[in-house]
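As structure tokens, the structure follows; a few thoughts come after it.
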Amino acid sequence: MTVTLPPGADRIELMQTFIRIVETGSLSAAAQQLGTSQPTVSRRLQALERSLGIKLLQRSTHVMKLTEDGERCFAHAKALLEDWRAMEDDLRGTADTPRGTLRVLAPHAFGQDQFIAPLMAYLRRYPEVDVEWMLHDRRPNFIAEGIDCAIQVGAVDDPSVVAVRLAEVPRIVLASPALMAGRPTPEHAQDLQRLPWLALSTFYRRDVTLVHEPSGEAHTFGITPRLATDSLYALRSAALAGLGACISSAWIVDNDVRQGHLLHLVPTWHAAPLPVYLVYLVYPYARFYPARLRLFLEAMRGAMPGLVGMRAVAG
């Protein structure tokens with residue numbers, strides 16, 4: 001059967017639009033990601049349905065779901081577009097030449113500081129790549145936001161993603177000299193409970209667990225924080241102001257400790273280090289990842305352990 005498309009319609013564009021509608025869950029979200037209008041997305045969907053002679057989506061006021069034909073079409077479209085991209089790269093000889101836009105989600109503090117140097121090195125090395133660098137302390141929604149990869153601090157518990165462990169972030173106990181003035185120097189983790197405390201609510205709030213590095217002994221005690229925040233920078237500022245003791249990532253307070261503005265308390269005790277991962281989505285038909293993503297992973301994996309306050313992972 002010969003399929004006739006409307007004037008100006010492109011099969012690849014129609015399939016890309018259909019895939020984006022399904023992955024984002026709405027025509028408006030697909031339009032936003034594609035940089036076009038919702039009526040245009042709607043017309044492309046209708047053109048694809050007319051050209052195939054089938055209904056792909058069932059839509060009501062509040063619900064949109066694939067028809068049985070739509071499910072088969074979605075699977076075929078994903079596979080065809082992956083093959084098309086691989087063919088283009090192979091014929092152009094660009095399979096290893098990164099180009100295009102890479103959308104990356106990174107934590108606020110790290111994304112403003114530690115990750116900027118390797119990001120700049122990556123951009124200088126690959127001039128045909130543009131990066132959209134989004135800073136937010138949350139888990140990514142890859143499909144809805146069109147994110148290519150994320151740098152995540154802390155455990156990864158999503159089975160639908162690939163998580164490559166890049167490094168570890170040591171965490172230490174700190175307080176200002178003003179806070180410790182007139183107080184005895186703590187020698188054991190249990191001595192810290194008497195201090196006023198600050199909490200980084202993302203990782204600890206009501207209790208603290210520290211491990212004695214030489215022996216492996218663990219000690220847990222409760223705290224009532226004078227300030228709880230989800231910002232590492234706010235935590236550091238409050239500690240510098242003498243408001244309380246805190247557990248902080250070592251990298252952000254490295255200069256403060258060396259200059260004497262903060263004191264590293266009980267240095268043989270530490271909180272469990274935070275793992276740093278580069279995370280990206282596992283697509284059902286992802287036999288191919290673009291060079292810009294593969295090489296970004298390589299760049300971050302190489303640079304991460306050498307950053308101040310980072311530690312290479314064993315193995």
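Going through the structure tokens in order, the chains are called A, B, and so on, while each chain numbers its residues from 1 and the ligands are numbered from 1 in the order shown.
Proximity to A:Arg99 at 8 Å, evaluated using only C-alpha atoms and with sequence-adjacent residues fewer than 2 positions away removed, yields Thr97, Thr101, Tyr126, Pro127, Glu128, Val129, Asp130, Ala291 and Arg292 of chain A.
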Keeping N, CA, C and O atoms, export the residues of the selection given above as a CSV table (one decimal), in the first residue's frame.
```csv
chain,number,residue,atom,x,y,z
A,97,THR,N,32.2,11.7,16.6
A,97,THR,CA,32.3,13.2,16.6
A,97,THR,C,31.1,13.8,17.3
A,97,THR,O,30.0,13.8,16.8
A,101,THR,N,23.1,19.3,21.3
A,101,THR,CA,22.9,19.8,22.6
A,101,THR,C,22.8,18.7,23.6
A,101,THR,O,22.0,17.7,23.4
A,126,TYR,N,35.2,19.8,22.6
A,126,TYR,CA,34.2,19.4,21.6
A,126,TYR,C,33.4,20.6,21.2
A,126,TYR,O,32.3,20.9,21.8
A,127,PRO,N,33.9,21.4,20.3
A,127,PRO,CA,33.3,22.7,20.0
A,127,PRO,C,31.9,22.6,19.3
A,127,PRO,O,31.2,23.6,19.2
A,128,GLU,N,31.6,21.5,18.8
A,128,GLU,CA,30.2,21.3,18.2
A,128,GLU,C,29.1,20.9,19.1
A,128,GLU,O,28.0,20.6,18.7
A,129,VAL,N,29.5,20.8,20.4
A,129,VAL,CA,28.5,20.4,21.4
A,129,VAL,C,28.1,21.7,22.2
A,129,VAL,O,29.0,22.5,22.6
A,130,ASP,N,26.8,21.8,22.5
A,130,ASP,CA,26.3,22.8,23.4
A,130,ASP,C,25.7,22.1,24.6
A,130,ASP,O,25.1,21.0,24.5
A,291,ALA,N,27.5,10.3,20.7
A,291,ALA,CA,28.9,10.5,21.1
A,291,ALA,C,29.0,11.6,22.2
A,291,ALA,O,29.8,11.5,23.1
A,292,ARG,N,28.1,12.7,22.1
A,292,ARG,CA,28.2,13.7,23.1
A,292,ARG,C,28.0,13.2,24.5
A,292,ARG,O,28.6,13.7,25.5
```
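Non-sequential neighbours of A:Met310 (distance at most 9 Å, separation of 3 or more positions within a chain, only C-alpha atoms) are A:Ala167, A:Glu168, A:Val169, A:Pro170, A:Ala250, A:Trp251, A:Met304, A:Pro305, A:Gly306, A:Leu307.
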Fewer than 3 positions away in the same chain doesn't count, so skip those; otherwise give me all residues within 10 Å of A:Ala271, counting only C-alpha atoms, as number ranges by chain.
A: 170-173, 208-213, 218-219, 247-249, 274
Any idea what's packed within 8 Å of A:Trp197, counting only C-alpha atoms, ignoring anything in its chain fewer than 6 positions away? Could you give it as a ChimeraX atom specification?
/A:223-227,243-246
Dump all heavy atoms for the selected residues as an mmCIF file, in the first residue's frame?
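again-v8.cif, freshly written:
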```
data_model
loop_
_atom_site.group_PDB
_atom_site.id
_atom_site.type_symbol
_atom_site.label_atom_id
_atom_site.label_comp_id
_atom_site.auth_asym_id
_atom_site.auth_seq_id
_atom_site.Cartn_x
_atom_site.Cartn_y
_atom_site.Cartn_z
ATOM 1 N N ILE A 223 20.111 14.843 67.492
ATOM 2 C CA ILE A 223 20.351 16.282 67.516
ATOM 3 C C ILE A 223 19.013 17.014 67.372
ATOM 4 O O ILE A 223 18.043 16.469 66.844
ATOM 5 C CB ILE A 223 21.298 16.737 66.385
ATOM 6 C CG1 ILE A 223 20.705 16.414 65.002
ATOM 7 C CG2 ILE A 223 22.673 16.110 66.528
ATOM 8 C CD1 ILE A 223 21.478 17.028 63.841
ATOM 9 N N THR A 224 18.975 18.243 67.887
ATOM 10 C CA THR A 224 17.853 19.142 67.659
ATOM 11 C C THR A 224 18.428 20.369 66.971
ATOM 12 O O THR A 224 18.927 21.297 67.622
ATOM 13 C CB THR A 224 17.178 19.542 68.981
ATOM 14 O OG1 THR A 224 16.758 18.361 69.666
ATOM 15 C CG2 THR A 224 15.964 20.428 68.717
ATOM 16 N N PRO A 225 18.428 20.385 65.643
ATOM 17 C CA PRO A 225 19.152 21.433 64.912
ATOM 18 C C PRO A 225 18.547 22.817 65.112
ATOM 19 O O PRO A 225 17.324 22.979 65.120
ATOM 20 C CB PRO A 225 19.052 20.990 63.455
ATOM 21 C CG PRO A 225 17.873 20.083 63.403
ATOM 22 C CD PRO A 225 17.801 19.414 64.733
ATOM 23 N N ARG A 226 19.416 23.806 65.301
ATOM 24 C CA ARG A 226 18.960 25.203 65.367
ATOM 25 C C ARG A 226 18.570 25.699 63.983
ATOM 26 O O ARG A 226 17.756 26.603 63.846
ATOM 27 C CB ARG A 226 20.076 26.079 65.939
ATOM 28 C CG ARG A 226 20.517 25.678 67.346
ATOM 29 C CD ARG A 226 21.345 26.765 67.973
ATOM 30 N NE ARG A 226 20.567 27.986 68.131
ATOM 31 C CZ ARG A 226 21.108 29.202 68.272
ATOM 32 N NH1 ARG A 226 22.423 29.341 68.247
ATOM 33 N NH2 ARG A 226 20.336 30.249 68.420
ATOM 34 N N LEU A 227 19.165 25.114 62.962
ATOM 35 C CA LEU A 227 18.831 25.451 61.583
ATOM 36 C C LEU A 227 18.916 24.179 60.748
ATOM 37 O O LEU A 227 19.899 23.438 60.838
ATOM 38 C CB LEU A 227 19.811 26.499 61.022
ATOM 39 C CG LEU A 227 19.691 26.792 59.516
ATOM 40 C CD1 LEU A 227 18.404 27.563 59.217
ATOM 41 C CD2 LEU A 227 20.898 27.564 59.000
ATOM 42 N N LEU A 243 26.747 29.492 64.396
ATOM 43 C CA LEU A 243 25.414 29.095 64.837
ATOM 44 C C LEU A 243 25.365 27.660 65.346
ATOM 45 O O LEU A 243 24.515 27.313 66.165
ATOM 46 C CB LEU A 243 24.422 29.280 63.679
ATOM 47 C CG LEU A 243 22.941 29.181 64.012
ATOM 48 C CD1 LEU A 243 22.537 30.244 65.026
ATOM 49 C CD2 LEU A 243 22.104 29.323 62.739
ATOM 50 N N GLY A 244 26.265 26.799 64.853
ATOM 51 C CA GLY A 244 26.260 25.414 65.305
ATOM 52 C C GLY A 244 27.311 24.600 64.591
ATOM 53 O O GLY A 244 27.976 25.064 63.663
ATOM 54 N N ALA A 245 27.477 23.357 65.060
ATOM 55 C CA ALA A 245 28.345 22.398 64.379
ATOM 56 C C ALA A 245 27.558 21.745 63.247
ATOM 57 O O ALA A 245 26.330 21.769 63.230
ATOM 58 C CB ALA A 245 28.836 21.347 65.369
ATOM 59 N N CYS A 246 28.275 21.152 62.313
ATOM 60 C CA CYS A 246 27.587 20.524 61.182
ATOM 61 C C CYS A 246 28.454 19.430 60.575
ATOM 62 O O CYS A 246 29.653 19.326 60.868
ATOM 63 C CB CYS A 246 27.247 21.558 60.109
ATOM 64 S SG CYS A 246 28.688 22.224 59.240
#
```
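Residues in contact range of A:Arg165, defined as at most 8 Å between only C-alpha atoms, with sequence neighbours fewer than 2 positions away removed, read Ala163, Ala167, Pro275, Val276, Tyr277, Leu278 and Val313 of chain A.
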8 Å contact set for A:Ile12, only C-alpha atoms, chain neighbours under 3 positions out, as an MDAnalysis selection string
chainID A and resid 15:16 81
N, CA, C and O atoms of the current selection, written as a PDB file, in the first residue's frame:
```
ATOM      1  N   MET A  15       7.375  10.832  13.281  1.00  0.00           N
ATOM      2  CA  MET A  15       7.679   9.794  14.272  1.00  0.00           C
ATOM      3  C   MET A  15       8.334  10.392  15.506  1.00  0.00           C
ATOM      4  O   MET A  15       8.038   9.997  16.640  1.00  0.00           O
ATOM      5  N   GLN A  16       9.257  11.353  15.308  1.00  0.00           N
ATOM      6  CA  GLN A  16       9.898  12.004  16.456  1.00  0.00           C
ATOM      7  C   GLN A  16       8.857  12.701  17.327  1.00  0.00           C
ATOM      8  O   GLN A  16       8.925  12.643  18.563  1.00  0.00           O
ATOM      9  N   LEU A  81      14.070   5.036  14.559  1.00  0.00           N
ATOM     10  CA  LEU A  81      14.815   6.270  14.757  1.00  0.00           C
ATOM     11  C   LEU A  81      16.223   6.005  15.280  1.00  0.00           C
ATOM     12  O   LEU A  81      17.174   6.706  14.912  1.00  0.00           O
TER      13      LEU A  81
END
```
When DSSP is applied to the backbone of this structure, which of stretch 60-132 of chain A are assigned strand (DSSP E)? Write them out as a VMD selection string.
chain A and resid 64 to 66 100 to 106 129 to 132
Could you please determine the separation between atom CA of A:Arg301 and atom CA of A:Leu119 in Å, to one decimal place?
11.8 Å
Find the spatial neighbours of A:Phe221, counting only C-alpha atoms, within a cut-off of 12 Å - ignore same-chain residues fewer than 4 positions away - and output them as a PyMOL selection string.
chain A and resi 188-195+197+204-211
Could you please write out, as a PyMOL selection string, every residue of stretch 29-271 of chain A that DSSP assigns to alpha helix (DSSP H)?
chain A and resi 29-34+38-52+68-92+108-112+116-125+142-145+177-180+232-240+254-258
Closest to A:Trp269 among A:Asn255, A:Thr220, A:Ser237, A:Ser51, using only C-alpha atoms?
A:Thr220
